[in-house]
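**Student:** Attaching a single structure in structure tokens format; questions to follow.
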Amino acid sequence: MRYSALSSLLLTAALAVASPTVVKRANPQGIDISNYQGTVDFNTVKANGVSFVYIKATEGTTFIDSYFSSHYVGATNAGLIRGAYHFAHPDSSSGATQANYFLAHGGGWSSDGITLPGALDIEYNPSGAECYGLSASSMVSWIRDFSNTYQSATGVYPVIYTTTDWWTTCTGNSASFASTNPLWIAHYASSIGTLPAGWAYTTFWQYADSGADPGDQDEFNGSLQGLKNLALG
Ligand SMILES: *[C@@H]1O[C@H](CO)[C@@H](O)[C@H](O)[C@H]1NC(C)=O
């Protein structure tokens with residue numbers, strides 16, 4: 001998740017001029033983490049009231065997160081609902097190739113009530129052309145290829161993590177995944193803001209890049225039972 005830096009600057013700036021409002025969050029809370037967080041004390045995270053964790057597994061077809069296994073095992077042993085995510089590099093290989101790489105390195109899914117559908121993290125290019133040099137229609141095709149490959153292998157569609165800004169710019173604000181793929185929006189503010197076309201609501205909301213627990217701070221839009229249902233497929 002690389003959305004962090006600019007938004008946290010903006011958030012800091014916003015908090016400097018307005019007194020912060022404490023938002024009471026009743027929905028199931030979560031975090032998302034990668035090797036950047038290093039070792040995580042999942043028992044403390046669980047004791048703090050966190051219900052779920054998304055854990056970075058892969059990037060493109062060349063990067064396996066060195067902490068993925070220990071994070072996944074640790075989260076499982078602490079009794080957390082957990083899932084894996086893949087950072088997309090749509091300029092380096094096809095959606096199907098990257099979905100298969102993700103599936104082969106921790107991104108799989110089973111209907112056990114504790115495994116969330118794998119998430120496709122698709123957002124700002126950390127090191128190159130805007131929209132990875134793809135046209136909006138090529139980007140939609142790439143996401144379609146990833147999503148269909150993942151669904152064929154697991155029976156569920158991947159969650160799509162993005163920002164409304166990136167999605168609007170790089171997919172032409174495509175509405176064609178809204179009826180199949182759960183949405184996970186990064187938006188560091190006290191309300192969710194405008195969503196991409198088609199989705200009437202977001203399933204997950206990444207609302208801050210730091211907080212009481214390690215990693216980015218997230219919430220599930222629903223009840224704990226709703227979260228478990230997502231993990232049942
Ligand atoms: C959460 O989902 C409900 C529908 O289930 C929707 O009305 C609401 O706007 C959603 N909240 C967000 C932040 O998307």
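Ligands are numbered from 1 in the order shown, chains are lettered A, B, ... in the order of the structure tokens, and residues start at 1 in each chain.
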Identify, on the basis of only C-alpha atoms, every residue whose closest approach to Pro214 in chain A does not exceed 9 Å; exclude the query and any residue fewer than 4 positions from it along the same chain; express the result as a ChimeraX atom specification.
**Tutor:** /A:31-33,37,40-41,45,210
**Student:** Could the residues in this selection be saved with all heavy atoms as an mmCIF file, in the first residue's frame?
**Tutor:**
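Just written: out39.cif:
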```cif
data_model
loop_
_atom_site.group_PDB
_atom_site.id
_atom_site.type_symbol
_atom_site.label_atom_id
_atom_site.label_comp_id
_atom_site.auth_asym_id
_atom_site.auth_seq_id
_atom_site.Cartn_x
_atom_site.Cartn_y
_atom_site.Cartn_z
ATOM 1 N N ILE A 31 -6.182 -4.186 9.993
ATOM 2 C CA ILE A 31 -4.935 -3.542 9.577
ATOM 3 C C ILE A 31 -4.460 -4.223 8.313
ATOM 4 O O ILE A 31 -4.875 -5.344 8.000
ATOM 5 C CB ILE A 31 -3.835 -3.639 10.661
ATOM 6 C CG1 ILE A 31 -3.563 -5.090 11.071
ATOM 7 C CG2 ILE A 31 -4.204 -2.798 11.883
ATOM 8 C CD1 ILE A 31 -2.370 -5.276 12.021
ATOM 9 N N ASP A 32 -3.600 -3.516 7.553
ATOM 10 C CA ASP A 32 -2.891 -4.212 6.474
ATOM 11 C C ASP A 32 -1.415 -3.936 6.612
ATOM 12 O O ASP A 32 -1.001 -2.833 6.963
ATOM 13 C CB ASP A 32 -3.447 -3.852 5.103
ATOM 14 C CG ASP A 32 -3.279 -2.399 4.739
ATOM 15 O OD1 ASP A 32 -2.195 -2.038 4.240
ATOM 16 O OD2 ASP A 32 -4.224 -1.617 4.961
ATOM 17 N N ILE A 33 -0.632 -4.993 6.397
ATOM 18 C CA ILE A 33 0.793 -4.969 6.730
ATOM 19 C C ILE A 33 1.622 -5.637 5.640
ATOM 20 O O ILE A 33 1.098 -6.379 4.800
ATOM 21 C CB ILE A 33 1.051 -5.690 8.072
ATOM 22 C CG1 ILE A 33 0.497 -7.133 8.033
ATOM 23 C CG2 ILE A 33 0.438 -4.921 9.243
ATOM 24 C CD1 ILE A 33 0.882 -7.966 9.246
ATOM 25 N N GLN A 37 6.477 -3.513 8.176
ATOM 26 C CA GLN A 37 6.153 -3.514 9.611
ATOM 27 C C GLN A 37 7.047 -4.479 10.392
ATOM 28 O O GLN A 37 7.051 -4.435 11.618
ATOM 29 C CB GLN A 37 4.676 -3.883 9.845
ATOM 30 C CG GLN A 37 3.723 -2.699 9.732
ATOM 31 C CD GLN A 37 3.581 -2.211 8.306
ATOM 32 O OE1 GLN A 37 3.476 -3.011 7.377
ATOM 33 N NE2 GLN A 37 3.576 -0.906 8.116
ATOM 34 N N VAL A 40 5.291 -8.516 13.954
ATOM 35 C CA VAL A 40 4.071 -7.937 14.526
ATOM 36 C C VAL A 40 3.610 -8.818 15.682
ATOM 37 O O VAL A 40 3.607 -10.049 15.573
ATOM 38 C CB VAL A 40 2.966 -7.833 13.447
ATOM 39 C CG1 VAL A 40 1.622 -7.478 14.056
ATOM 40 C CG2 VAL A 40 3.360 -6.814 12.379
ATOM 41 N N ASP A 41 3.224 -8.182 16.774
ATOM 42 C CA ASP A 41 2.679 -8.922 17.923
ATOM 43 C C ASP A 41 1.162 -9.048 17.727
ATOM 44 O O ASP A 41 0.392 -8.174 18.110
ATOM 45 C CB ASP A 41 3.009 -8.175 19.217
ATOM 46 C CG ASP A 41 2.479 -8.898 20.452
ATOM 47 O OD1 ASP A 41 1.648 -9.824 20.296
ATOM 48 O OD2 ASP A 41 2.877 -8.528 21.564
ATOM 49 N N VAL A 45 -2.382 -7.075 18.942
ATOM 50 C CA VAL A 45 -3.290 -6.522 17.924
ATOM 51 C C VAL A 45 -4.712 -7.036 18.158
ATOM 52 O O VAL A 45 -5.677 -6.269 18.159
ATOM 53 C CB VAL A 45 -2.771 -6.893 16.510
ATOM 54 C CG1 VAL A 45 -3.823 -6.656 15.442
ATOM 55 C CG2 VAL A 45 -1.494 -6.108 16.185
ATOM 56 N N SER A 210 -1.562 5.061 9.716
ATOM 57 C CA SER A 210 -0.971 4.685 10.995
ATOM 58 C C SER A 210 -2.038 4.863 12.064
ATOM 59 O O SER A 210 -3.061 5.511 11.826
ATOM 60 C CB SER A 210 0.252 5.556 11.313
ATOM 61 O OG SER A 210 -0.155 6.890 11.489
#
```
**Student:** What does the list of residues within 10 Å of ligand 1 look like if you count only C-alpha atoms and all ligand atoms, written as a ChimeraX atom specification?
**Tutor:** /A:27,183-185,190-195,199-205,219-223
**Student:** Just N, CA, C and O atoms for this one: save the residues we selected as a PDB file, in the first residue's frame.
**Tutor:**
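selection29.pdb, freshly written:
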```
ATOM      1  N   ASN A  27     -17.609  -0.570  13.440  1.00  0.00           N
ATOM      2  CA  ASN A  27     -17.453  -1.703  12.525  1.00  0.00           C
ATOM      3  C   ASN A  27     -16.190  -2.490  12.862  1.00  0.00           C
ATOM      4  O   ASN A  27     -15.277  -1.959  13.493  1.00  0.00           O
ATOM      5  N   LEU A 183     -15.104  -3.974  -2.938  1.00  0.00           N
ATOM      6  CA  LEU A 183     -14.255  -2.790  -3.064  1.00  0.00           C
ATOM      7  C   LEU A 183     -13.570  -2.474  -1.730  1.00  0.00           C
ATOM      8  O   LEU A 183     -14.173  -2.607  -0.656  1.00  0.00           O
ATOM      9  N   TRP A 184     -12.325  -2.037  -1.833  1.00  0.00           N
ATOM     10  CA  TRP A 184     -11.543  -1.603  -0.667  1.00  0.00           C
ATOM     11  C   TRP A 184     -10.924  -0.261  -1.047  1.00  0.00           C
ATOM     12  O   TRP A 184     -10.021  -0.214  -1.877  1.00  0.00           O
ATOM     13  N   ILE A 185     -11.439   0.779  -0.463  1.00  0.00           N
ATOM     14  CA  ILE A 185     -11.018   2.130  -0.849  1.00  0.00           C
ATOM     15  C   ILE A 185     -10.072   2.725   0.201  1.00  0.00           C
ATOM     16  O   ILE A 185     -10.346   2.650   1.398  1.00  0.00           O
ATOM     17  N   SER A 190     -12.510  11.644   7.337  1.00  0.00           N
ATOM     18  CA  SER A 190     -13.490  11.168   8.316  1.00  0.00           C
ATOM     19  C   SER A 190     -14.732  10.580   7.662  1.00  0.00           C
ATOM     20  O   SER A 190     -15.572   9.978   8.333  1.00  0.00           O
ATOM     21  N   SER A 191     -14.852  10.712   6.339  1.00  0.00           N
ATOM     22  CA  SER A 191     -15.939  10.017   5.633  1.00  0.00           C
ATOM     23  C   SER A 191     -15.377   9.455   4.332  1.00  0.00           C
ATOM     24  O   SER A 191     -14.303   9.872   3.875  1.00  0.00           O
ATOM     25  N   ILE A 192     -16.084   8.528   3.741  1.00  0.00           N
ATOM     26  CA  ILE A 192     -15.529   7.742   2.641  1.00  0.00           C
ATOM     27  C   ILE A 192     -15.362   8.543   1.357  1.00  0.00           C
ATOM     28  O   ILE A 192     -14.500   8.250   0.549  1.00  0.00           O
ATOM     29  N   GLY A 193     -16.178   9.558   1.145  1.00  0.00           N
ATOM     30  CA  GLY A 193     -16.060  10.349  -0.084  1.00  0.00           C
ATOM     31  C   GLY A 193     -16.687   9.657  -1.281  1.00  0.00           C
ATOM     32  O   GLY A 193     -17.380   8.644  -1.145  1.00  0.00           O
ATOM     33  N   THR A 194     -16.412  10.185  -2.454  1.00  0.00           N
ATOM     34  CA  THR A 194     -16.982   9.637  -3.689  1.00  0.00           C
ATOM     35  C   THR A 194     -16.363   8.278  -3.977  1.00  0.00           C
ATOM     36  O   THR A 194     -15.148   8.117  -3.875  1.00  0.00           O
ATOM     37  N   LEU A 195     -17.186   7.318  -4.338  1.00  0.00           N
ATOM     38  CA  LEU A 195     -16.689   5.992  -4.703  1.00  0.00           C
ATOM     39  C   LEU A 195     -16.554   5.896  -6.220  1.00  0.00           C
ATOM     40  O   LEU A 195     -17.193   6.650  -6.961  1.00  0.00           O
ATOM     41  N   TRP A 199     -20.084   0.992  -7.802  1.00  0.00           N
ATOM     42  CA  TRP A 199     -20.173   0.489  -6.429  1.00  0.00           C
ATOM     43  C   TRP A 199     -21.067   1.413  -5.588  1.00  0.00           C
ATOM     44  O   TRP A 199     -20.807   2.617  -5.494  1.00  0.00           O
ATOM     45  N   ALA A 200     -22.070   0.834  -4.970  1.00  0.00           N
ATOM     46  CA  ALA A 200     -22.964   1.620  -4.114  1.00  0.00           C
ATOM     47  C   ALA A 200     -22.373   1.797  -2.722  1.00  0.00           C
ATOM     48  O   ALA A 200     -22.778   2.684  -1.979  1.00  0.00           O
ATOM     49  N   TYR A 201     -21.455   0.934  -2.362  1.00  0.00           N
ATOM     50  CA  TYR A 201     -20.802   1.024  -1.048  1.00  0.00           C
ATOM     51  C   TYR A 201     -19.438   0.372  -1.136  1.00  0.00           C
ATOM     52  O   TYR A 201     -19.142  -0.364  -2.085  1.00  0.00           O
ATOM     53  N   THR A 202     -18.607   0.674  -0.140  1.00  0.00           N
ATOM     54  CA  THR A 202     -17.311   0.018  -0.063  1.00  0.00           C
ATOM     55  C   THR A 202     -17.378  -1.101   0.976  1.00  0.00           C
ATOM     56  O   THR A 202     -18.072  -0.972   1.993  1.00  0.00           O
ATOM     57  N   THR A 203     -16.675  -2.192   0.715  1.00  0.00           N
ATOM     58  CA  THR A 203     -16.624  -3.311   1.668  1.00  0.00           C
ATOM     59  C   THR A 203     -15.569  -3.056   2.734  1.00  0.00           C
ATOM     60  O   THR A 203     -15.810  -3.299   3.920  1.00  0.00           O
ATOM     61  N   PHE A 204     -14.408  -2.565   2.309  1.00  0.00           N
ATOM     62  CA  PHE A 204     -13.358  -2.181   3.252  1.00  0.00           C
ATOM     63  C   PHE A 204     -13.001  -0.720   3.012  1.00  0.00           C
ATOM     64  O   PHE A 204     -13.096  -0.217   1.890  1.00  0.00           O
ATOM     65  N   TRP A 205     -12.562  -0.088   4.075  1.00  0.00           N
ATOM     66  CA  TRP A 205     -12.116   1.310   4.007  1.00  0.00           C
ATOM     67  C   TRP A 205     -10.795   1.418   4.752  1.00  0.00           C
ATOM     68  O   TRP A 205     -10.736   1.145   5.954  1.00  0.00           O
ATOM     69  N   GLU A 219     -11.267  -0.612   8.137  1.00  0.00           N
ATOM     70  CA  GLU A 219     -12.464  -1.175   8.753  1.00  0.00           C
ATOM     71  C   GLU A 219     -13.321  -1.872   7.718  1.00  0.00           C
ATOM     72  O   GLU A 219     -13.261  -1.576   6.519  1.00  0.00           O
ATOM     73  N   PHE A 220     -14.079  -2.856   8.194  1.00  0.00           N
ATOM     74  CA  PHE A 220     -15.027  -3.576   7.362  1.00  0.00           C
ATOM     75  C   PHE A 220     -16.362  -2.864   7.462  1.00  0.00           C
ATOM     76  O   PHE A 220     -16.798  -2.515   8.567  1.00  0.00           O
ATOM     77  N   ASN A 221     -17.003  -2.663   6.336  1.00  0.00           N
ATOM     78  CA  ASN A 221     -18.290  -1.973   6.338  1.00  0.00           C
ATOM     79  C   ASN A 221     -19.411  -2.990   6.561  1.00  0.00           C
ATOM     80  O   ASN A 221     -20.027  -3.461   5.604  1.00  0.00           O
ATOM     81  N   GLY A 222     -19.646  -3.327   7.828  1.00  0.00           N
ATOM     82  CA  GLY A 222     -20.690  -4.290   8.154  1.00  0.00           C
ATOM     83  C   GLY A 222     -20.459  -4.823   9.555  1.00  0.00           C
ATOM     84  O   GLY A 222     -19.722  -4.237  10.342  1.00  0.00           O
ATOM     85  N   SER A 223     -21.055  -5.952   9.838  1.00  0.00           N
ATOM     86  CA  SER A 223     -20.938  -6.566  11.159  1.00  0.00           C
ATOM     87  C   SER A 223     -19.826  -7.612  11.161  1.00  0.00           C
ATOM     88  O   SER A 223     -19.318  -7.998  10.103  1.00  0.00           O
TER      89      SER A 223
END
```
**Student:** Find the distance between CA of Ser138 in chain A and CA of Gly107 in chain A and write it in Å to one decimal.
**Tutor:** 23.9 Å
**Student:** So which one's closest to Asp65 in chain A, A:Pro28, A:Pro158, A:Gly83, A:Gly106? Using only C-alpha atoms, please.
**Tutor:**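 For Asp65 in chain A, the nearest of the given residues is A:Gly106.
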**Student:** Taking only C-alpha atoms into account, name the residue in A:Val50, A:Ile55, A:Ile122, A:Ala186 that is nearest to Ala88 in chain A.
**Tutor:**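 For Ala88 in chain A, the nearest of the given residues is A:Ile122.
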